[in-house]
Amino acid sequence: VQLVESGGGSVQAGGSLRLSCAASDSVYCMGWFRQAPEKGREVAIFHSDGTTRYASSVKGRFSISKDNAKNTLYLQMTSLKPEDTAMYYCAAGQAVVFDRCRYNYWGQGTQVTVSS
C-alpha cells in the first residue's frame, strides 16, 4: 500500500489547512503523525469502526475523517498555531491491537508551516 500526502503549506497563525492522504488500497486504520525537531508523535487516528482519537494539543482544532470510497484520509486543521509547524506524516495499517493501529505503511510527509 502506498500513501501519498498533500495539502501542506504555509499559513499564518489562526489559519486553516486540510491535509489529504490517499492510499493505493483499502486499509483498516490510519493516522496522522507530526515530527518537529526532537518530537515525533501521533496527532490523530481513524479506525474503520469509527474510532477517532486526538492528541490533547490539537483536540477541538483538528478533525480527522476518511472517505472510504476514495481510500483517502483527511485532517482538517483550524486555528493553527506556530507550534503546529512540523512535517506531517500519514500512516496506515490493517490491524488494531489493544486499540492501537499496527502501522505498516508510511507516507513521505507534507510540510506545514505556521507563522506568527
# chains A, B, ... in the order shown; residues from 1 in each chain; ligands from 1
call {"tool": "residues_around", "arguments": {"residues": "region 55-66 of chain A", "least_positions_apart": "2", "cutoff": "10 Å", "atoms": "only C-alpha atoms", "output": "PDB file with N, CA, C and O atoms, in the first residue's frame"}}
result
ATOM      1  N   SER A  16      -6.181  27.992   8.449  1.00  0.00           N
ATOM      2  CA  SER A  16      -6.616  26.603   8.310  1.00  0.00           C
ATOM      3  C   SER A  16      -5.925  25.937   7.131  1.00  0.00           C
ATOM      4  O   SER A  16      -5.545  26.600   6.158  1.00  0.00           O
ATOM      5  N   LEU A  17      -5.782  24.639   7.256  1.00  0.00           N
ATOM      6  CA  LEU A  17      -5.290  23.813   6.159  1.00  0.00           C
ATOM      7  C   LEU A  17      -5.994  22.466   6.224  1.00  0.00           C
ATOM      8  O   LEU A  17      -6.400  22.030   7.313  1.00  0.00           O
ATOM      9  N   ARG A  18      -6.103  21.810   5.079  1.00  0.00           N
ATOM     10  CA  ARG A  18      -6.629  20.449   5.068  1.00  0.00           C
ATOM     11  C   ARG A  18      -5.616  19.534   4.401  1.00  0.00           C
ATOM     12  O   ARG A  18      -5.253  19.736   3.231  1.00  0.00           O
ATOM     13  N   LEU A  19      -5.174  18.566   5.155  1.00  0.00           N
ATOM     14  CA  LEU A  19      -4.245  17.576   4.631  1.00  0.00           C
ATOM     15  C   LEU A  19      -5.018  16.376   4.093  1.00  0.00           C
ATOM     16  O   LEU A  19      -6.068  16.005   4.639  1.00  0.00           O
ATOM     17  N   SER A  20      -4.485  15.780   3.045  1.00  0.00           N
ATOM     18  CA  SER A  20      -5.072  14.579   2.473  1.00  0.00           C
ATOM     19  C   SER A  20      -4.032  13.480   2.406  1.00  0.00           C
ATOM     20  O   SER A  20      -2.843  13.763   2.200  1.00  0.00           O
ATOM     21  N   CYS A  21      -4.474  12.260   2.552  1.00  0.00           N
ATOM     22  CA  CYS A  21      -3.589  11.109   2.433  1.00  0.00           C
ATOM     23  C   CYS A  21      -4.324  10.063   1.612  1.00  0.00           C
ATOM     24  O   CYS A  21      -5.291   9.457   2.098  1.00  0.00           O
ATOM     25  N   ALA A  22      -3.882   9.859   0.391  1.00  0.00           N
ATOM     26  CA  ALA A  22      -4.517   8.899  -0.495  1.00  0.00           C
ATOM     27  C   ALA A  22      -3.788   7.564  -0.421  1.00  0.00           C
ATOM     28  O   ALA A  22      -2.570   7.499  -0.627  1.00  0.00           O
ATOM     29  N   CYS A  29      -6.939   0.953   9.404  1.00  0.00           N
ATOM     30  CA  CYS A  29      -6.727   2.057  10.331  1.00  0.00           C
ATOM     31  C   CYS A  29      -5.671   3.013   9.778  1.00  0.00           C
ATOM     32  O   CYS A  29      -4.753   2.590   9.070  1.00  0.00           O
ATOM     33  N   MET A  30      -5.842   4.268  10.070  1.00  0.00           N
ATOM     34  CA  MET A  30      -4.910   5.274   9.569  1.00  0.00           C
ATOM     35  C   MET A  30      -4.700   6.347  10.627  1.00  0.00           C
ATOM     36  O   MET A  30      -5.524   6.525  11.525  1.00  0.00           O
ATOM     37  N   GLY A  31      -3.614   7.066  10.477  1.00  0.00           N
ATOM     38  CA  GLY A  31      -3.355   8.112  11.442  1.00  0.00           C
ATOM     39  C   GLY A  31      -2.444   9.171  10.871  1.00  0.00           C
ATOM     40  O   GLY A  31      -1.770   8.962   9.864  1.00  0.00           O
ATOM     41  N   TRP A  32      -2.450  10.301  11.510  1.00  0.00           N
ATOM     42  CA  TRP A  32      -1.542  11.399  11.186  1.00  0.00           C
ATOM     43  C   TRP A  32      -0.554  11.567  12.328  1.00  0.00           C
ATOM     44  O   TRP A  32      -0.924  11.559  13.493  1.00  0.00           O
ATOM     45  N   PHE A  33       0.688  11.726  11.939  1.00  0.00           N
ATOM     46  CA  PHE A  33       1.759  11.979  12.893  1.00  0.00           C
ATOM     47  C   PHE A  33       2.453  13.263  12.477  1.00  0.00           C
ATOM     48  O   PHE A  33       2.439  13.640  11.310  1.00  0.00           O
ATOM     49  N   ARG A  41       5.148  12.569  17.107  1.00  0.00           N
ATOM     50  CA  ARG A  41       4.071  11.941  17.831  1.00  0.00           C
ATOM     51  C   ARG A  41       2.771  11.940  17.055  1.00  0.00           C
ATOM     52  O   ARG A  41       2.590  12.648  16.089  1.00  0.00           O
ATOM     53  N   GLU A  42       1.897  11.130  17.569  1.00  0.00           N
ATOM     54  CA  GLU A  42       0.606  10.941  16.948  1.00  0.00           C
ATOM     55  C   GLU A  42      -0.235  12.201  17.103  1.00  0.00           C
ATOM     56  O   GLU A  42      -0.323  12.761  18.187  1.00  0.00           O
ATOM     57  N   VAL A  43      -0.883  12.582  16.018  1.00  0.00           N
ATOM     58  CA  VAL A  43      -1.747  13.753  16.040  1.00  0.00           C
ATOM     59  C   VAL A  43      -3.204  13.324  16.127  1.00  0.00           C
ATOM     60  O   VAL A  43      -3.965  13.814  16.955  1.00  0.00           O
ATOM     61  N   ALA A  44      -3.586  12.407  15.231  1.00  0.00           N
ATOM     62  CA  ALA A  44      -4.971  11.953  15.197  1.00  0.00           C
ATOM     63  C   ALA A  44      -5.020  10.607  14.506  1.00  0.00           C
ATOM     64  O   ALA A  44      -4.208  10.318  13.631  1.00  0.00           O
ATOM     65  N   ILE A  45      -6.001   9.780  14.910  1.00  0.00           N
ATOM     66  CA  ILE A  45      -6.134   8.459  14.306  1.00  0.00           C
ATOM     67  C   ILE A  45      -7.569   8.203  13.907  1.00  0.00           C
ATOM     68  O   ILE A  45      -8.495   8.808  14.446  1.00  0.00           O
ATOM     69  N   PHE A  46      -7.718   7.290  12.940  1.00  0.00           N
ATOM     70  CA  PHE A  46      -9.048   6.901  12.485  1.00  0.00           C
ATOM     71  C   PHE A  46      -9.031   5.401  12.239  1.00  0.00           C
ATOM     72  O   PHE A  46      -8.193   4.901  11.480  1.00  0.00           O
ATOM     73  N   HIS A  47      -9.962   4.698  12.884  1.00  0.00           N
ATOM     74  CA  HIS A  47     -10.125   3.273  12.634  1.00  0.00           C
ATOM     75  C   HIS A  47     -11.416   3.057  11.869  1.00  0.00           C
ATOM     76  O   HIS A  47     -12.372   3.832  12.014  1.00  0.00           O
ATOM     77  N   SER A  48     -11.489   1.978  11.125  1.00  0.00           N
ATOM     78  CA  SER A  48     -12.658   1.735  10.291  1.00  0.00           C
ATOM     79  C   SER A  48     -13.927   1.455  11.086  1.00  0.00           C
ATOM     80  O   SER A  48     -15.018   1.506  10.526  1.00  0.00           O
ATOM     81  N   GLY A  50     -14.880   3.448  13.232  1.00  0.00           N
ATOM     82  CA  GLY A  50     -15.322   4.789  13.581  1.00  0.00           C
ATOM     83  C   GLY A  50     -14.544   5.430  14.711  1.00  0.00           C
ATOM     84  O   GLY A  50     -14.764   6.597  15.045  1.00  0.00           O
ATOM     85  N   THR A  52     -11.989   7.457  16.612  1.00  0.00           N
ATOM     86  CA  THR A  52     -11.059   8.553  16.365  1.00  0.00           C
ATOM     87  C   THR A  52     -10.414   8.945  17.688  1.00  0.00           C
ATOM     88  O   THR A  52     -10.980   8.728  18.758  1.00  0.00           O
ATOM     89  N   ARG A  53      -9.257   9.490  17.587  1.00  0.00           N
ATOM     90  CA  ARG A  53      -8.548   9.924  18.785  1.00  0.00           C
ATOM     91  C   ARG A  53      -7.628  11.069  18.405  1.00  0.00           C
ATOM     92  O   ARG A  53      -7.051  11.070  17.311  1.00  0.00           O
ATOM     93  N   ASN A  68     -14.040   6.486   2.493  1.00  0.00           N
ATOM     94  CA  ASN A  68     -13.722   5.088   2.199  1.00  0.00           C
ATOM     95  C   ASN A  68     -13.753   4.797   0.707  1.00  0.00           C
ATOM     96  O   ASN A  68     -12.980   3.978   0.206  1.00  0.00           O
ATOM     97  N   ALA A  69     -14.637   5.457  -0.006  1.00  0.00           N
ATOM     98  CA  ALA A  69     -14.736   5.220  -1.449  1.00  0.00           C
ATOM     99  C   ALA A  69     -13.449   5.630  -2.165  1.00  0.00           C
ATOM    100  O   ALA A  69     -13.080   5.042  -3.178  1.00  0.00           O
ATOM    101  N   LYS A  70     -12.776   6.633  -1.613  1.00  0.00           N
ATOM    102  CA  LYS A  70     -11.546   7.119  -2.226  1.00  0.00           C
ATOM    103  C   LYS A  70     -10.301   6.620  -1.506  1.00  0.00           C
ATOM    104  O   LYS A  70      -9.189   6.960  -1.897  1.00  0.00           O
ATOM    105  N   ASN A  71     -10.490   5.859  -0.435  1.00  0.00           N
ATOM    106  CA  ASN A  71      -9.344   5.419   0.391  1.00  0.00           C
ATOM    107  C   ASN A  71      -8.474   6.608   0.783  1.00  0.00           C
ATOM    108  O   ASN A  71      -7.233   6.535   0.738  1.00  0.00           O
ATOM    109  N   THR A  72      -9.110   7.673   1.149  1.00  0.00           N
ATOM    110  CA  THR A  72      -8.390   8.901   1.454  1.00  0.00           C
ATOM    111  C   THR A  72      -8.712   9.386   2.863  1.00  0.00           C
ATOM    112  O   THR A  72      -9.877   9.457   3.246  1.00  0.00           O
ATOM    113  N   LEU A  73      -7.669   9.698   3.591  1.00  0.00           N
ATOM    114  CA  LEU A  73      -7.779  10.226   4.949  1.00  0.00           C
ATOM    115  C   LEU A  73      -7.553  11.723   4.898  1.00  0.00           C
ATOM    116  O   LEU A  73      -6.697  12.200   4.154  1.00  0.00           O
ATOM    117  N   TYR A  74      -8.315  12.453   5.697  1.00  0.00           N
ATOM    118  CA  TYR A  74      -8.185  13.903   5.746  1.00  0.00           C
ATOM    119  C   TYR A  74      -7.874  14.353   7.166  1.00  0.00           C
ATOM    120  O   TYR A  74      -8.250  13.707   8.144  1.00  0.00           O
ATOM    121  N   LEU A  75      -7.214  15.480   7.233  1.00  0.00           N
ATOM    122  CA  LEU A  75      -7.014  16.141   8.517  1.00  0.00           C
ATOM    123  C   LEU A  75      -7.317  17.620   8.311  1.00  0.00           C
ATOM    124  O   LEU A  75      -6.550  18.336   7.672  1.00  0.00           O
ATOM    125  N   GLN A  76      -8.456  18.045   8.807  1.00  0.00           N
ATOM    126  CA  GLN A  76      -8.828  19.450   8.747  1.00  0.00           C
ATOM    127  C   GLN A  76      -8.232  20.146   9.952  1.00  0.00           C
ATOM    128  O   GLN A  76      -8.526  19.785  11.096  1.00  0.00           O
ATOM    129  N   MET A  77      -7.386  21.110   9.693  1.00  0.00           N
ATOM    130  CA  MET A  77      -6.702  21.817  10.771  1.00  0.00           C
ATOM    131  C   MET A  77      -7.161  23.266  10.794  1.00  0.00           C
ATOM    132  O   MET A  77      -7.050  23.962   9.781  1.00  0.00           O
ATOM    133  N   THR A  78      -7.672  23.698  11.916  1.00  0.00           N
ATOM    134  CA  THR A  78      -8.117  25.076  12.079  1.00  0.00           C
ATOM    135  C   THR A  78      -7.415  25.708  13.266  1.00  0.00           C
ATOM    136  O   THR A  78      -6.786  25.017  14.074  1.00  0.00           O
ATOM    137  N   SER A  79      -7.540  27.024  13.380  1.00  0.00           N
ATOM    138  CA  SER A  79      -6.906  27.767  14.473  1.00  0.00           C
ATOM    139  C   SER A  79      -5.448  27.347  14.643  1.00  0.00           C
ATOM    140  O   SER A  79      -4.987  27.081  15.755  1.00  0.00           O
ATOM    141  N   LEU A  80      -4.759  27.302  13.549  1.00  0.00           N
ATOM    142  CA  LEU A  80      -3.377  26.826  13.581  1.00  0.00           C
ATOM    143  C   LEU A  80      -2.479  27.749  14.383  1.00  0.00           C
ATOM    144  O   LEU A  80      -2.666  28.976  14.393  1.00  0.00           O
ATOM    145  N   LYS A  81      -1.513  27.131  15.049  1.00  0.00           N
ATOM    146  CA  LYS A  81      -0.566  27.854  15.894  1.00  0.00           C
ATOM    147  C   LYS A  81       0.854  27.602  15.379  1.00  0.00           C
ATOM    148  O   LYS A  81       1.117  26.577  14.748  1.00  0.00           O
ATOM    149  N   GLU A  83       3.283  26.477  16.897  1.00  0.00           N
ATOM    150  CA  GLU A  83       3.788  25.192  17.396  1.00  0.00           C
ATOM    151  C   GLU A  83       3.233  23.997  16.628  1.00  0.00           C
ATOM    152  O   GLU A  83       3.667  22.861  16.854  1.00  0.00           O
ATOM    153  N   ASP A  84       2.293  24.223  15.729  1.00  0.00           N
ATOM    154  CA  ASP A  84       1.825  23.141  14.848  1.00  0.00           C
ATOM    155  C   ASP A  84       2.777  22.932  13.675  1.00  0.00           C
ATOM    156  O   ASP A  84       2.612  21.980  12.910  1.00  0.00           O
TER     157      ASP A  84
END
call {"tool": "atom_distance", "arguments": {"atom1": "CA of Ser10 (chain A)", "atom2": "CA of Thr110 (chain A)"}}
result
11.0 Å
call {"tool": "closest_residue", "arguments": {"among": "A:Thr51, A:Thr85, A:Gln108, A:Thr113", "to": "Val4 (chain A)", "atoms": "only C-alpha atoms"}}
result
A:Gln108
call {"tool": "closest_residue", "arguments": {"among": "A:Val96, A:Asn104, A:Cys90, A:Ser116", "to": "Gln35 (chain A)", "atoms": "only C-alpha atoms"}}
result
A:Cys90
call {"tool": "atom_distance", "arguments": {"atom1": "CA of Gln12 (chain A)", "atom2": "CA of Ala91 (chain A)"}}
result
26.4 Å
call {"tool": "atom_distance", "arguments": {"atom1": "CA of Ala92 (chain A)", "atom2": "CA of Tyr105 (chain A)"}}
result
5.2 Å
